[in-house]
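Enquirer: My structure is below; once you've seen it, I'll send some questions.
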Amino acid sequence: MSKKKESGGRVIFTKEMKRGYTILFPNMLPVTFTLISEVFNQYGYRTKMLTETDSVVVENGLKYVHNDTCYPALLVIGQLLSAVKSGQYDDTKLALMITQTGGGCRASNYIHLLRKALQKSGYGHIPVISLNISGLEKNPGFKLGLGMVRKLLASMIYGDFIVWLRNQTKPYEVQAGDSDALTEKWTHQLIERFRHRRGLGKRQMRGVLREIARDFAAIALVENRNKPLVGIVGEIYVKFAPLGNNNLEDFLLSEGCEPVVPGLTDFMIFKINNRVVDVDLYGGSWIKKVACTVMQRYIEGYQREMAAVLSEFPKFRKMGSFSDLQRLIKGYLGYGNKMGEGWLLTAEMLELIHSGAPNIVCTQPFGCLPNHIVGKGMIKRLKDDYPESNIVSIDFDPGATRINQENRIKLMIANAKR
């Protein structure tokens, strides 16, 4: 099949490619992204989430990405290139997919860096699909219809909910592995329900969330559940991705802690809310503001469903809301501070402190200037206002040794246990 290109040289993912091409995309949130992959497959695509974590990933990233680029770009591009070069796939019927936010962060340029790396390694014929809600790049063979978007949003809500419950049961389970087994069970069940368009409306979703919570509440737990709560915040990729943070959640579990990880939902609402704030601060289309406001309220409605269900199960800690984060950040940062994770990162640390988890690991890709400002740069102010806060900032990059990272986290945990 001849490859169609734009005037700028970008290889287009055409309608003809949809039927026979395999689309690879990097992993960030294992539960949520597994659901998302299945949603794509249910709409006729053939997608695969990559899980490779060996040293070849970093080697390929270092070889084809300039080392001034942030660590997540190096890992994501390295993971995709490793798969392309592995020989497992027919590269003449292969496409890659990567998210693109469109903001001022260097993450907006990952897609261009990936295309450059493919060109340098002899795979310039492989199309790269931009997954975005901003209309940045379009491909005739890949479209996000309303039905698909609805399922993608449901995947995010269910993924956040399952991980929230798993993290509260896994550290205390009597039978090791119960929480992971239940996570796998519900991931498969949700895939089947999506296939039959069930569990998507708010009323149906509340019922499914209640079923999930009931199952996790039935897991037998030890009586003494007083482990230190350790929050994880930071740049979105190294905050969530086991590859990016050296399996940080597992490490915290092994050190006798309960990890607390704010979910993806707040970040998605934050990105939509940024467009509303832009119009308020700088002017622009009122139609855009109204559309984004409607979308924000729609997702916040699902977030309230999670909170409502959790309120029925005293065994579990409640989730905060996006409006809680907006309230907490007042007096610290303005809503116009949106580069990287912007004011949201500081707000998540405040939420953790207020909810009884003052021990926090702030994950930072080395050289990520926005997050060094709203993450590491805000720690002193938070410690001044909340002396009980116990925050450590950890840099993640190819030159950072895992043992050094873990030793610094262990020191924070020792302070927590005291």
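Simple scheme: letters A, B, ... for chains in structure tokens order, numbers from 1 for residues in each chain, numbers from 1 for ligands in the order shown.
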Among range 118-191 of chain A, which ones does DSSP place in alpha helix (DSSP H), written as a ChimeraX atom specification?
Expert: /A:118-120,146-169,178-191
Enquirer: Fewer than 3 positions away in the same chain doesn't count, so skip those; otherwise give me all residues within 10 Å of Leu248 in chain A, counting only C-alpha atoms, as a list of chain:residue names.
Expert: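 Surrounding residues, per the criterion: A:Ile232, A:Val238, A:Lys239, A:Phe240, A:Ala241, A:Pro242, A:Leu243, A:Gly244, A:Asn245, A:Phe251, A:Leu252, A:Leu253, A:Ser254, A:Pro259, A:Val361, A:Thr363, A:Gln405, A:Glu406, A:Ile409.
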Enquirer: Generate a file of the selected residues that holds N, CA and C atoms, formatted as a PDB file, in the first residue's frame.
Expert:
ATOM      1  N   ILE A 232       1.722   9.709  46.044  1.00  0.00           N
ATOM      2  CA  ILE A 232       2.597   9.833  44.869  1.00  0.00           C
ATOM      3  C   ILE A 232       2.005  10.907  43.959  1.00  0.00           C
ATOM      4  N   VAL A 238       5.725   9.793  34.976  1.00  0.00           N
ATOM      5  CA  VAL A 238       6.506   9.139  36.031  1.00  0.00           C
ATOM      6  C   VAL A 238       5.677   8.948  37.303  1.00  0.00           C
ATOM      7  N   LYS A 239       4.595   9.680  37.435  1.00  0.00           N
ATOM      8  CA  LYS A 239       3.686   9.460  38.556  1.00  0.00           C
ATOM      9  C   LYS A 239       2.970   8.113  38.422  1.00  0.00           C
ATOM     10  N   PHE A 240       2.533   7.787  37.210  1.00  0.00           N
ATOM     11  CA  PHE A 240       1.706   6.601  37.003  1.00  0.00           C
ATOM     12  C   PHE A 240       2.450   5.379  36.471  1.00  0.00           C
ATOM     13  N   ALA A 241       3.365   5.580  35.536  1.00  0.00           N
ATOM     14  CA  ALA A 241       3.926   4.460  34.784  1.00  0.00           C
ATOM     15  C   ALA A 241       4.962   3.695  35.601  1.00  0.00           C
ATOM     16  N   PRO A 242       4.782   2.388  35.796  1.00  0.00           N
ATOM     17  CA  PRO A 242       5.793   1.594  36.501  1.00  0.00           C
ATOM     18  C   PRO A 242       7.167   1.690  35.836  1.00  0.00           C
ATOM     19  N   LEU A 243       7.193   1.776  34.497  1.00  0.00           N
ATOM     20  CA  LEU A 243       8.467   1.920  33.793  1.00  0.00           C
ATOM     21  C   LEU A 243       9.131   3.242  34.137  1.00  0.00           C
ATOM     22  N   GLY A 244       8.335   4.297  34.297  1.00  0.00           N
ATOM     23  CA  GLY A 244       8.889   5.628  34.550  1.00  0.00           C
ATOM     24  C   GLY A 244       9.353   5.835  35.972  1.00  0.00           C
ATOM     25  N   ASN A 245       8.694   5.179  36.951  1.00  0.00           N
ATOM     26  CA  ASN A 245       9.057   5.426  38.351  1.00  0.00           C
ATOM     27  C   ASN A 245       9.675   4.208  39.036  1.00  0.00           C
ATOM     28  N   PHE A 251       7.456  -0.784  45.384  1.00  0.00           N
ATOM     29  CA  PHE A 251       8.516  -0.516  46.357  1.00  0.00           C
ATOM     30  C   PHE A 251       7.926  -0.022  47.677  1.00  0.00           C
ATOM     31  N   LEU A 252       6.952   0.874  47.615  1.00  0.00           N
ATOM     32  CA  LEU A 252       6.325   1.375  48.837  1.00  0.00           C
ATOM     33  C   LEU A 252       5.624   0.248  49.598  1.00  0.00           C
ATOM     34  N   LEU A 253       4.979  -0.649  48.868  1.00  0.00           N
ATOM     35  CA  LEU A 253       4.342  -1.799  49.506  1.00  0.00           C
ATOM     36  C   LEU A 253       5.378  -2.670  50.219  1.00  0.00           C
ATOM     37  N   SER A 254       6.518  -2.872  49.555  1.00  0.00           N
ATOM     38  CA  SER A 254       7.562  -3.721  50.142  1.00  0.00           C
ATOM     39  C   SER A 254       8.172  -3.092  51.389  1.00  0.00           C
ATOM     40  N   PRO A 259       0.382   2.974  49.435  1.00  0.00           N
ATOM     41  CA  PRO A 259       0.478   4.048  48.442  1.00  0.00           C
ATOM     42  C   PRO A 259      -0.874   4.711  48.207  1.00  0.00           C
ATOM     43  N   VAL A 361       5.832  11.416  47.925  1.00  0.00           N
ATOM     44  CA  VAL A 361       6.932  11.331  46.970  1.00  0.00           C
ATOM     45  C   VAL A 361       6.524  12.150  45.744  1.00  0.00           C
ATOM     46  N   THR A 363       7.439  12.921  42.165  1.00  0.00           N
ATOM     47  CA  THR A 363       8.256  12.342  41.093  1.00  0.00           C
ATOM     48  C   THR A 363       8.517  13.384  40.014  1.00  0.00           C
ATOM     49  N   GLN A 405      17.645   6.604  44.561  1.00  0.00           N
ATOM     50  CA  GLN A 405      16.240   7.006  44.667  1.00  0.00           C
ATOM     51  C   GLN A 405      15.573   6.313  45.850  1.00  0.00           C
ATOM     52  N   GLU A 406      15.782   5.000  45.950  1.00  0.00           N
ATOM     53  CA  GLU A 406      15.125   4.224  47.002  1.00  0.00           C
ATOM     54  C   GLU A 406      15.646   4.609  48.390  1.00  0.00           C
ATOM     55  N   ILE A 409      13.871   7.714  49.450  1.00  0.00           N
ATOM     56  CA  ILE A 409      12.478   7.409  49.815  1.00  0.00           C
ATOM     57  C   ILE A 409      12.434   6.700  51.167  1.00  0.00           C
TER      58      ILE A 409
END
Enquirer: Using only C-alpha atoms, which residues sit within 10 Å of Asp324 in chain A once same-chain residues fewer than 5 positions away are excluded, as a list of chain:residue names?
Expert: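 These residues fall inside the cut-off: A:Ile329, A:Ala347, A:Glu348, A:Glu351.
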Enquirer: Let me make sure I understand: among A:Phe366, A:Gln303, A:Gly9, A:Ala218, which one has the smallest atom-to-atom distance to Pro398 in chain A if we use only C-alpha atoms?
Expert: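 Answer, going by the shortest atom-to-atom distance: A:Phe366.
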Enquirer: Hey, could you make a per-residue contact list for range 253-304 of chain A against range 169-187 of chain A with 8 Å as the cut-off, showing the nearest pair of atoms and its distance in Å to one decimal, counting only C-alpha atoms, sorted by chain and number, as JSON lines?
Expert:
{"residue": "A:Leu253", "atom": "CA", "partner": "A:Pro171", "partner_atom": "CA", "distance": 6.3}
{"residue": "A:Gly256", "atom": "CA", "partner": "A:Pro171", "partner_atom": "CA", "distance": 7.5}
{"residue": "A:Cys257", "atom": "CA", "partner": "A:Pro171", "partner_atom": "CA", "distance": 7.2}
{"residue": "A:Glu258", "atom": "CA", "partner": "A:Pro171", "partner_atom": "CA", "distance": 6.0}
Enquirer: May I have the selected residues written with N, CA and C atoms, as a PDB file, in the first residue's frame?
Expert:
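Contents of out-v3.pdb, freshly written:
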ATOM      1  N   LEU A 253       4.979  -0.649  48.868  1.00  0.00           N
ATOM      2  CA  LEU A 253       4.342  -1.799  49.506  1.00  0.00           C
ATOM      3  C   LEU A 253       5.378  -2.670  50.219  1.00  0.00           C
ATOM      4  N   GLY A 256       6.407  -1.542  53.633  1.00  0.00           N
ATOM      5  CA  GLY A 256       5.396  -1.468  54.680  1.00  0.00           C
ATOM      6  C   GLY A 256       4.546  -0.219  54.653  1.00  0.00           C
ATOM      7  N   CYS A 257       4.304   0.322  53.454  1.00  0.00           N
ATOM      8  CA  CYS A 257       3.493   1.529  53.317  1.00  0.00           C
ATOM      9  C   CYS A 257       2.237   1.254  52.494  1.00  0.00           C
ATOM     10  N   GLU A 258       1.296   2.163  52.573  1.00  0.00           N
ATOM     11  CA  GLU A 258       0.108   2.124  51.731  1.00  0.00           C
ATOM     12  C   GLU A 258       0.200   3.272  50.726  1.00  0.00           C
TER      13      GLU A 258
END
Enquirer: Using only C-alpha atoms, determine which residues lie at most 12 Å from Thr53 in chain A, disregarding the query and same-chain residues fewer than 4 positions distant; provide the list as a PDB file with C-alpha atoms, in the first residue's frame.
Expert:
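The resulting file, out-v7.pdb, is shown below:
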ATOM      1  CA  PRO A  26       2.903   2.855  25.310  1.00  0.00           C
ATOM      2  CA  ASN A  27       1.645   1.884  28.738  1.00  0.00           C
ATOM      3  CA  MET A  28       1.117   4.429  31.507  1.00  0.00           C
ATOM      4  CA  VAL A  57      13.908   0.465  26.046  1.00  0.00           C
ATOM      5  CA  VAL A  58      16.265   2.988  27.679  1.00  0.00           C
ATOM      6  CA  GLU A  59      19.063   2.195  25.190  1.00  0.00           C
ATOM      7  CA  ASN A  60      16.811   2.923  22.209  1.00  0.00           C
ATOM      8  CA  LEU A  75      11.058   6.037  27.695  1.00  0.00           C
ATOM      9  CA  VAL A  76       7.925   6.311  25.555  1.00  0.00           C
ATOM     10  CA  GLY A  78      12.333   3.950  23.420  1.00  0.00           C
ATOM     11  CA  GLN A  79       9.480   1.552  24.220  1.00  0.00           C
ATOM     12  CA  LEU A  80       7.833   2.109  20.834  1.00  0.00           C
ATOM     13  CA  SER A  82      12.007  -1.392  20.791  1.00  0.00           C
ATOM     14  CA  ALA A  83       8.721  -2.934  19.697  1.00  0.00           C
ATOM     15  CA  ALA A 241       3.926   4.460  34.784  1.00  0.00           C
ATOM     16  CA  PRO A 242       5.793   1.594  36.501  1.00  0.00           C
ATOM     17  CA  LEU A 243       8.467   1.920  33.793  1.00  0.00           C
ATOM     18  CA  GLY A 244       8.889   5.628  34.550  1.00  0.00           C
ATOM     19  CA  ASN A 245       9.057   5.426  38.351  1.00  0.00           C
ATOM     20  CA  ASN A 246      10.865   2.085  38.785  1.00  0.00           C
ATOM     21  CA  ASN A 247       7.730   0.348  40.108  1.00  0.00           C
TER      22      ASN A 247
END
Enquirer: Quick one: residues within 12 Å of Gly356 in chain A, only C-alpha atoms counted, chain neighbours fewer than 5 positions away excluded, as a VMD selection string?
Expert: chain A and resid 226 to 231 258 260 317 to 318 349 to 351 386 388 to 390 416
Enquirer: Figure out the distance between CA of Tyr43 in chain A and CA of Leu81 in chain A, please, to one decimal in Å.
Expert: 25.7 Å
Enquirer: Quick one: everything within 8 Å of Ile299 in chain A, counting only C-alpha atoms, minus sequence neighbours fewer than 5 positions away in the same chain. Send it as a PyMOL selection string.
Expert: chain A and resi 153+265+269
Enquirer: Store the residues of this selection in a file with N, CA and C atoms, as a tab-separated table (two decimals), in the first residue's frame.
Expert:
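Result file is part.tsv:
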chain	number	residue	atom	x	y	z
A	153	LEU	N	-14.02	7.58	28.43
A	153	LEU	CA	-14.20	8.26	29.71
A	153	LEU	C	-14.59	7.26	30.79
A	265	THR	N	-8.55	11.16	36.50
A	265	THR	CA	-9.75	11.96	36.24
A	265	THR	C	-9.51	13.44	36.51
A	269	ILE	N	-9.89	16.62	33.86
A	269	ILE	CA	-10.73	17.80	34.12
A	269	ILE	C	-9.87	19.06	34.10
Enquirer: Rounded to one decimal in Å, what is the spacing between CA of Tyr123 in chain A and CA of Ile77 in chain A?
Expert: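 CA of Ile77 in chain A lies at a distance of 13.1 Å from CA of Tyr123 in chain A.
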Enquirer: Contacts between range 37-41 of chain A and range 142-166 of chain A, please, where a residue of range 142-166 of chain A counts if it comes within 12 Å (with only C-alpha atoms); show its shortest atom pair and distance in Å to one decimal, rows by chain and ascending number, as CSV.
Expert:
residue,atom,partner,partner_atom,distance
A:Phe142,CA,A:Phe40,CA,9.9
A:Lys143,CA,A:Phe40,CA,10.3
A:Leu144,CA,A:Phe40,CA,9.5
A:Gly145,CA,A:Phe40,CA,11.0
A:Gly147,CA,A:Val39,CA,10.0
A:Met148,CA,A:Val39,CA,7.0
A:Val149,CA,A:Val39,CA,9.3
A:Arg150,CA,A:Val39,CA,9.9
A:Lys151,CA,A:Val39,CA,6.6
A:Leu152,CA,A:Val39,CA,6.8
A:Leu153,CA,A:Val39,CA,10.4
A:Ala154,CA,A:Val39,CA,10.1
A:Ser155,CA,A:Val39,CA,8.4
A:Met156,CA,A:Val39,CA,11.5
Enquirer: Could you write out that same residue set with C-alpha atoms as a tab-separated table (two decimals), in the first residue's frame?
Expert:
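Below is the file that was written, result-v8.tsv:
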chain	number	residue	atom	x	y	z
A	142	PHE	CA	-8.72	7.17	13.07
A	143	LYS	CA	-11.63	9.12	14.50
A	144	LEU	CA	-13.02	9.59	18.01
A	145	GLY	CA	-16.79	9.33	17.75
A	147	GLY	CA	-19.74	6.51	21.43
A	148	MET	CA	-16.03	5.81	21.63
A	149	VAL	CA	-15.34	8.90	23.73
A	150	ARG	CA	-18.06	7.82	26.15
A	151	LYS	CA	-16.41	4.42	26.60
A	152	LEU	CA	-12.95	5.99	26.92
A	153	LEU	CA	-14.20	8.26	29.71
A	154	ALA	CA	-15.83	5.27	31.42
A	155	SER	CA	-12.50	3.42	31.18
A	156	MET	CA	-10.82	6.30	33.00
Enquirer: List every residue of range 233-339 of chain A that has an atom at most 9 Å from any atom of range 372-384 of chain A, and for each one report the closest atom pair and its distance in Å to one decimal, counting only C-alpha atoms, with rows sorted by chain and then by increasing residue number, as CSV.
Expert:
residue,atom,partner,partner_atom,distance
A:Val233,CA,A:Gly375,CA,8.5
A:Gly234,CA,A:Gly375,CA,6.8
A:Glu235,CA,A:Gly375,CA,8.8
A:Tyr332,CA,A:Met378,CA,8.6
A:Leu333,CA,A:Val374,CA,8.6
A:Asn337,CA,A:Val374,CA,8.8
Enquirer: Could you save the residues just selected, with N, CA and C atoms, as a compact mmCIF listing (two decimals), in the first residue's frame?
Expert:
# COMPACT_ATOMS: atom_id res chain seq x y z
N VAL A 233 2.79 11.95 43.70
CA VAL A 233 2.38 13.01 42.79
C VAL A 233 3.53 13.25 41.81
N GLY A 234 3.34 14.21 40.90
CA GLY A 234 4.43 14.57 39.99
C GLY A 234 4.01 14.63 38.55
N GLU A 235 4.99 14.65 37.68
CA GLU A 235 4.73 14.64 36.23
C GLU A 235 3.92 13.39 35.91
N TYR A 332 -2.07 29.91 46.84
CA TYR A 332 -0.78 29.31 46.51
C TYR A 332 -0.40 29.58 45.06
N LEU A 333 -1.28 29.20 44.14
CA LEU A 333 -1.02 29.41 42.72
C LEU A 333 -2.31 29.82 42.02
N ASN A 337 -1.78 29.04 35.98
CA ASN A 337 -0.52 28.29 36.02
C ASN A 337 -0.81 26.86 35.54
Enquirer: If we count only C-alpha atoms and set the cut-off at 8 Å, which residues sit around range 91-102 of chain A, ignoring sequence neighbours fewer than 4 positions away in its own chain? Please answer as a CSV table (one decimal) with N, CA and C atoms, in the first residue's frame.
Expert:
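Below is the file that was written, part-v2.csv:
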chain,number,residue,atom,x,y,z
A,13,PHE,N,-2.5,8.1,8.5
A,13,PHE,CA,-3.2,6.8,8.8
A,13,PHE,C,-4.5,6.9,8.0
A,17,MET,N,-6.0,1.6,6.1
A,17,MET,CA,-5.1,1.0,7.1
A,17,MET,C,-5.8,0.5,8.3
A,20,GLY,N,-6.2,-3.6,8.4
A,20,GLY,CA,-5.1,-4.6,8.5
A,20,GLY,C,-3.9,-4.2,9.4
A,21,TYR,N,-3.9,-2.9,9.9
A,21,TYR,CA,-2.8,-2.5,10.7
A,21,TYR,C,-2.9,-2.7,12.2
A,22,THR,N,-1.8,-3.0,12.8
A,22,THR,CA,-1.7,-3.1,14.2
A,22,THR,C,-1.2,-1.7,14.8
A,23,ILE,N,-1.9,-1.2,15.8
A,23,ILE,CA,-1.5,0.1,16.4
A,23,ILE,C,-0.9,-0.2,17.7
A,24,LEU,N,0.3,0.2,17.9
A,24,LEU,CA,1.0,0.0,19.2
A,24,LEU,C,1.0,1.4,20.0
A,25,PHE,N,0.8,1.3,21.3
A,25,PHE,CA,0.9,2.5,22.1
A,25,PHE,C,1.5,2.1,23.4
A,26,PRO,N,2.2,3.1,24.1
A,26,PRO,CA,2.9,2.9,25.3
A,26,PRO,C,2.0,2.8,26.5
A,80,LEU,N,8.4,2.3,22.2
A,80,LEU,CA,7.8,2.1,20.8
A,80,LEU,C,8.9,1.6,19.8
A,84,VAL,N,9.0,-1.9,17.5
A,84,VAL,CA,9.2,-1.8,16.1
A,84,VAL,C,10.3,-2.7,15.6
A,107,ALA,N,5.9,17.8,26.2
A,107,ALA,CA,5.2,16.6,25.8
A,107,ALA,C,4.4,16.8,24.5
A,108,SER,N,4.1,18.0,24.2
A,108,SER,CA,3.4,18.3,22.9
A,108,SER,C,4.3,18.0,21.7
A,109,ASN,N,5.6,17.9,21.9
A,109,ASN,CA,6.5,17.6,20.8
A,109,ASN,C,7.0,16.2,20.8
A,110,TYR,N,6.5,15.3,21.7
A,110,TYR,CA,6.9,13.9,21.7
A,110,TYR,C,6.6,13.3,20.3
A,111,ILE,N,5.5,13.6,19.7
A,111,ILE,CA,5.0,13.0,18.5
A,111,ILE,C,6.0,13.3,17.3
A,123,TYR,N,12.5,3.6,9.7
A,123,TYR,CA,11.1,3.2,9.8
A,123,TYR,C,10.2,4.4,9.5
A,125,HIS,N,8.4,5.1,7.2
A,125,HIS,CA,7.1,4.8,6.6
A,125,HIS,C,6.0,4.5,7.5
A,126,ILE,N,6.3,4.3,8.8
A,126,ILE,CA,5.3,4.0,9.8
A,126,ILE,C,4.5,5.2,10.2
A,127,PRO,N,3.2,5.2,10.1
A,127,PRO,CA,2.4,6.3,10.5
A,127,PRO,C,2.3,6.4,12.0
A,128,VAL,N,2.2,7.7,12.5
A,128,VAL,CA,2.1,7.9,14.0
A,128,VAL,C,0.8,8.7,14.1
A,129,ILE,N,-0.1,8.1,15.0
A,129,ILE,CA,-1.4,8.7,15.2
A,129,ILE,C,-1.4,9.6,16.5
A,130,SER,N,-1.9,10.8,16.4
A,130,SER,CA,-2.0,11.6,17.6
A,130,SER,C,-3.3,11.4,18.2
A,131,LEU,N,-3.3,11.0,19.5
A,131,LEU,CA,-4.5,10.9,20.3
A,131,LEU,C,-4.7,12.2,21.1
A,132,ASN,N,-5.6,13.0,20.7
A,132,ASN,CA,-5.8,14.3,21.3
A,132,ASN,C,-7.3,14.8,21.2
A,133,ILE,N,-7.6,15.7,22.0
A,133,ILE,CA,-9.0,16.2,22.0
A,133,ILE,C,-9.0,17.7,21.5
A,134,SER,N,-7.8,18.1,21.0
A,134,SER,CA,-7.7,19.5,20.6
A,134,SER,C,-7.7,19.7,19.1
A,136,LEU,N,-5.4,18.7,17.0
A,136,LEU,CA,-4.1,19.1,16.6
A,136,LEU,C,-3.7,18.4,15.3
Enquirer: As a PyMOL selection string, please: every residue in range 130-233 of chain A that a backbone DSSP assignment puts in strand (DSSP E).
Expert: chain A and resi 130-131+229-233
Enquirer: One decimal, Å: what's the distance from CA of Leu345 in chain A over to CA of Ala308 in chain A, could you say?
Expert: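 Between CA of Leu345 in chain A and CA of Ala308 in chain A the gap is 24.6 Å.
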